[in-house]
Amino acid sequence: TATMHPTAPDWPPEFVERYVSAGFWRSETFGGVLKTVAGRMGAQIALVDGDRRLSFEELDRSVDELAAGFAGLGLGKGDVVVVQLPNRAAFVEVVFALFRLGSVPVFALPAHRSVEIGAFCSFTGAKAYIVADVVGGFDYRELAADIRARAPSLAHVIVDGEPGPFLALDGLRRPPVDLPAIDAGDLACFQLSGGTTGIPKLIARRHRDYLYNVRASVEACDFNERTVYLAALPMGHNFPMACPGFLGTLLAGGRVVVTDRPTPDVCFDLIARENVTATALVPPLAMVWLDVAEMTKPQVPSLRILQVGGAKLGHEAARRVAPALGCRLQQVFGMAEGLICFTAPEDPDDVVLNTQGKPMSTADEVRIVDGDGNDVPDGVTGHLLTRGPYTIRGYFGLSEQNAASFTPDGFYRSGDLVRRVAGGQLVVEGRDTDQINRGGEKIAAEEVENFLLGHEGVLDVAVVGLPDGYLGERTCAFVLPRSSRPTPNDLRMFLKASGLAAFKIPDRFEFLDSFPTTGVGKISRKTLRETLKAMHSGAG
Ligand code: J2J
């Protein structure tokens with residue numbers, strides 16, 4: 001089958017040269033680095049998943065066996081594979097097997113459904129889709145059957161567990177074979193953009209820049225052979241994967257403990273049992289952990305660092321971390337497109353509690369600009385632009401979108417409104433785009449609106465993020481109904497049946513007779529969203 005080849009924008013040659021000569025980019029690949037670490041760490045435990053414990057040697061061997069199996073299916077260098085697995089040991093094995101083979105995983109989230117998976121497949125011409133059998137009552141094989149029927153490029157569905165009509169992952173293992181040579185400049189994986197429109201935006205990461213992302217994070221967070229990292233957030237996300245995440249932990253010779261149940265009761269037990277030293281959470285989850293920890297006073301003395309990021313952590317919650325969990329808080333402000341900011345373990349409390357930290361690399365270029373693109377002084381809020389050795393220069397195959405999302409000289413327009421404080425740290429103040437951040441899960445208002453407009457009872461709709469003490473923002477759809485007025489439940493069921501990921505379904509529906517206007521005729525959708533937000537913020 002012919003594979004589509006939209007392009008992944010690369011850095012201009014002078015930047016390639018700069019990053020290579022500075023030693024940021026090396027001629028290493030993920031598969032190769034794991035082999036080197038495995039040679040050094042040998043029988044030390046690398047990966048813990050319930051009762052399953054894999055040493056570095058065993059992990060390395062298992063990765064080679066899976067890579068041989070994938071190669072036997074005809075998967076090879078440059079082939080795209082959509083990976084949608086819950087947190088488990090197989091996630092790590094599969095990802096490294098694909099890295100070694102030069103096949104390029106798209107990291108779908110467990111919550112994605114036919115809309116998202118279908119888009120990833122058609123956009124990349126994916127050749128394979130790797131899923132679990134049933135998780136939390138949801139049968140991914142049914143989703144796969146649906147996708148298979150609509151994605152002609154998809155040659156293989158591979159299932160971790162009971163395969164049904166598809167291939168069993170474990171049945172694919174073969175004795176190791178010679179694998180193709182992979183170059184540091186080859187694509188390693190696709191991360192996903194939060195997005196502000198209905199288009200899926202894929203973020204192509206190459207071995208050289210993503211490895212730098214991981215190495216620089218390891219250094220900034222001081223991960224080492226004594227680090228025991230609990231992967232509690234969905235492992236496909238950039239944060240628990242590469243900042244430093246499970247990749248950083250393994251490459252530092254540390255140990256990764258995985259769980260697909262991020263609840264405090266499960267995780268406190270795991271932290272105690274496995275002597276976990278670091279983990280990463282989004283703010284709403286951190287708040288649940290804090291609530292439970294303050295009541296039950298869990299014994300988790302090994303825990304040294306709690307990373308919190310993905311959405312802004314409130315000052316009050318930040319303050320509770322050290323007393324409740326006996327560990328240091330590290331704020332993490334990152335984006336799948338690249339830039340990562342950390343507060344440092346040695347920063348004073350004021351910085352750790354009230355800022356989102358500093359860019360982790362000396363080579364990160366950050367500009368904070370006003371509406372005309374002029375730099376604003378420190379302390380003044382503006383639009384965050386950034387470029388550097390691990391921030392992409394454009395989305396995969398979207399040249400039109402790229403002209404809007406990147407400046408002509410290659411800065412990524414993050415959409416974040418930030419200010420820089422005296423110590424050089426950034427404080428996130430909001431966003432300038434119609435992306436809703438629902439507790440770290442990013443939702444494009446426009447995408448949800450487009451689906452709702454497909455319902456016969458909807459004349460017009462605006463989806464808005466309203467402030468929420470727990471999630472940061474919750475979604476509300478303001479609906480102008482037709483005469484056959486739907487109920488909120490009708491609309492929820494409709495969106496679910498459309499195959500949209502559940503986290504994108506609005507938390508609240510409000511029916512209006514008309515949309516507010518400014519008195520100067522038709523208002524833009526952006527203005528409408530802002531007006532509705534202003535009218536309803538704070539209410540209920
Ligand atoms: C406020 N907003 C934040 C924070 C992200 C590490 C951590 C998070 C992500 C991530 C990531 C925030 N305070 N501490 O990739 O490597 C919002 C910003 C940002 C957007 C990116 C990582 N941390 N955000 O969340 O690609 O608006 O990456 O632009 O999912 O999340 O979202 P995403």
# chains A, B, ... in the order shown; residues from 1 in each chain; ligands from 1

call {"tool": "residues_near_ligand", "arguments": {"ligand": "ligand 1", "cutoff": "6 Å", "atoms": "only C-alpha atoms and all ligand atoms", "output": "MDAnalysis selection string"}}
result
chainID A and resid 193:194 238:239 243 309:312 331:336 340 356 414 416 428 440

call {"tool": "residues_around", "arguments": {"residues": "stretch 225-233 of chain A", "least_positions_apart": "2", "cutoff": "10 Å", "atoms": "only C-alpha atoms", "output": "number ranges by chain"}}
result
A: 41, 44, 46-48, 86-88, 222-223, 235-237, 239-241, 244-246, 248-263, 267, 270-271, 274-282, 285, 302-305

call {"tool": "select_by_dssp", "arguments": {"residues": "stretch 337-389 of chain A", "states": "strand (DSSP E)", "output": "list in words"}}
result
Gly338, Leu339, Ile340, Cys341, Phe342, Lys358, Pro359, Glu365, Val366, Arg367, Ile368, Val369, Gly382, His383, Leu384, Leu385, Thr386 and Arg387 of chain A

call {"tool": "select_by_dssp", "arguments": {"residues": "stretch 302-465 of chain A", "states": "helix (DSSP H, G or I)", "output": "MDAnalysis selection string"}}
result
chainID A and resid 315:325 349:354 399:405 445:452

call {"tool": "residues_around", "arguments": {"residues": "stretch 58-66 of chain A", "least_positions_apart": "3", "cutoff": "8 Å", "atoms": "only C-alpha atoms", "output": "PDB file with C-alpha atoms, in the first residue's frame"}}
result
ATOM      1  CA  LEU A  34      18.110   2.085  25.674  1.00  0.00           C
ATOM      2  CA  LYS A  35      20.580  -0.590  24.584  1.00  0.00           C
ATOM      3  CA  ALA A  38      20.600  -1.781  29.448  1.00  0.00           C
ATOM      4  CA  ALA A  43      19.719  -6.990  36.022  1.00  0.00           C
ATOM      5  CA  ALA A  46      13.647  -1.015  34.929  1.00  0.00           C
ATOM      6  CA  LEU A  47       9.892  -1.443  34.809  1.00  0.00           C
ATOM      7  CA  LEU A  54      11.365  -6.334  34.058  1.00  0.00           C
ATOM      8  CA  SER A  55      15.073  -5.781  34.405  1.00  0.00           C
ATOM      9  CA  GLY A  69       7.605  -9.329  15.270  1.00  0.00           C
ATOM     10  CA  PHE A  70       6.579  -5.945  13.886  1.00  0.00           C
ATOM     11  CA  GLU A  93       7.894  -2.215  25.204  1.00  0.00           C
ATOM     12  CA  VAL A  94       5.812  -1.280  22.167  1.00  0.00           C
ATOM     13  CA  PHE A  96      10.768   1.252  22.130  1.00  0.00           C
ATOM     14  CA  ALA A  97      10.163  -1.560  19.621  1.00  0.00           C
ATOM     15  CA  ARG A 100      14.104   0.654  17.090  1.00  0.00           C
ATOM     16  CA  LEU A 172       4.150 -11.482  17.531  1.00  0.00           C
ATOM     17  CA  ARG A 173       7.342 -11.899  19.529  1.00  0.00           C
ATOM     18  CA  ARG A 174      10.173 -13.387  17.449  1.00  0.00           C
ATOM     19  CA  PRO A 175      13.882 -13.944  18.020  1.00  0.00           C
ATOM     20  CA  PRO A 176      15.691 -10.672  17.403  1.00  0.00           C
ATOM     21  CA  VAL A 177      16.545  -9.829  13.789  1.00  0.00           C
TER      22      VAL A 177
END

call {"tool": "atom_distance", "arguments": {"atom1": "atom CA of A:Arg492", "atom2": "atom CA of A:Cys121"}}
result
25.3 Å

call {"tool": "closest_residue", "arguments": {"among": "A:Asp490, A:Asp49, A:Asp183, A:Glu14", "to": "A:Gly32", "atoms": "only C-alpha atoms"}}
result
A:Asp183

call {"tool": "atom_distance", "arguments": {"atom1": "atom CA of A:Glu116", "atom2": "atom CA of A:Phe406"}}
result
23.9 Å

call {"tool": "atom_distance", "arguments": {"atom1": "atom CA of A:Ser405", "atom2": "atom CA of A:Leu385"}}
result
9.8 Å

call {"tool": "residues_around", "arguments": {"residues": "A:Val464", "least_positions_apart": "3", "cutoff": "6 Å", "atoms": "only C-alpha atoms", "output": "NGL selection string"}}
result
:A and (475-476 or 529)

call {"tool": "write_last_selection", "arguments": {"atoms": "C-alpha atoms", "output": "mmCIF file, in the first residue's frame"}}
result
data_model
loop_
_atom_site.group_PDB
_atom_site.id
_atom_site.type_symbol
_atom_site.label_atom_id
_atom_site.label_comp_id
_atom_site.auth_asym_id
_atom_site.auth_seq_id
_atom_site.Cartn_x
_atom_site.Cartn_y
_atom_site.Cartn_z
ATOM 1 C CA THR A 475 -17.126 23.608 29.243
ATOM 2 C CA CYS A 476 -20.514 25.102 28.568
ATOM 3 C CA ARG A 529 -17.559 33.323 23.094
#

call {"tool": "residues_around", "arguments": {"residues": "A:Asp349", "least_positions_apart": "4", "cutoff": "10 Å", "atoms": "only C-alpha atoms", "output": "JSON, numbers by chain"}}
result
{"A": [318, 319, 328, 329, 345, 353, 354, 355]}

call {"tool": "closest_atom_pairs", "arguments": {"of": "stretch 46-119 of chain A", "to": "stretch 138-159 of chain A", "cutoff": "10 Å", "atoms": "only C-alpha atoms", "output": "tab-separated table"}}
result
residue	atom	partner	partner_atom	distance
A:Phe70	CA	A:Ile158	CA	9.8
A:Leu73	CA	A:His156	CA	8.2
A:Gly74	CA	A:Ala155	CA	9.5
A:Leu75	CA	A:His156	CA	9.5
A:Val80	CA	A:Leu154	CA	9.6
A:Val81	CA	A:Leu154	CA	8.9
A:Val82	CA	A:Val157	CA	9.5
A:Val83	CA	A:Ile158	CA	9.5
A:Gln84	CA	A:Tyr140	CA	8.9
A:Leu85	CA	A:Val159	CA	9.3
A:Pro110	CA	A:Tyr140	CA	9.2
A:Ala111	CA	A:Phe138	CA	10.0
A:His112	CA	A:Leu143	CA	9.9
A:Arg113	CA	A:Leu143	CA	7.1
A:Ser114	CA	A:Leu143	CA	6.5
A:Val115	CA	A:Ile147	CA	9.2
A:Ile117	CA	A:Ile147	CA	7.3
A:Gly118	CA	A:Ile147	CA	5.9
A:Ala119	CA	A:Ala151	CA	9.2
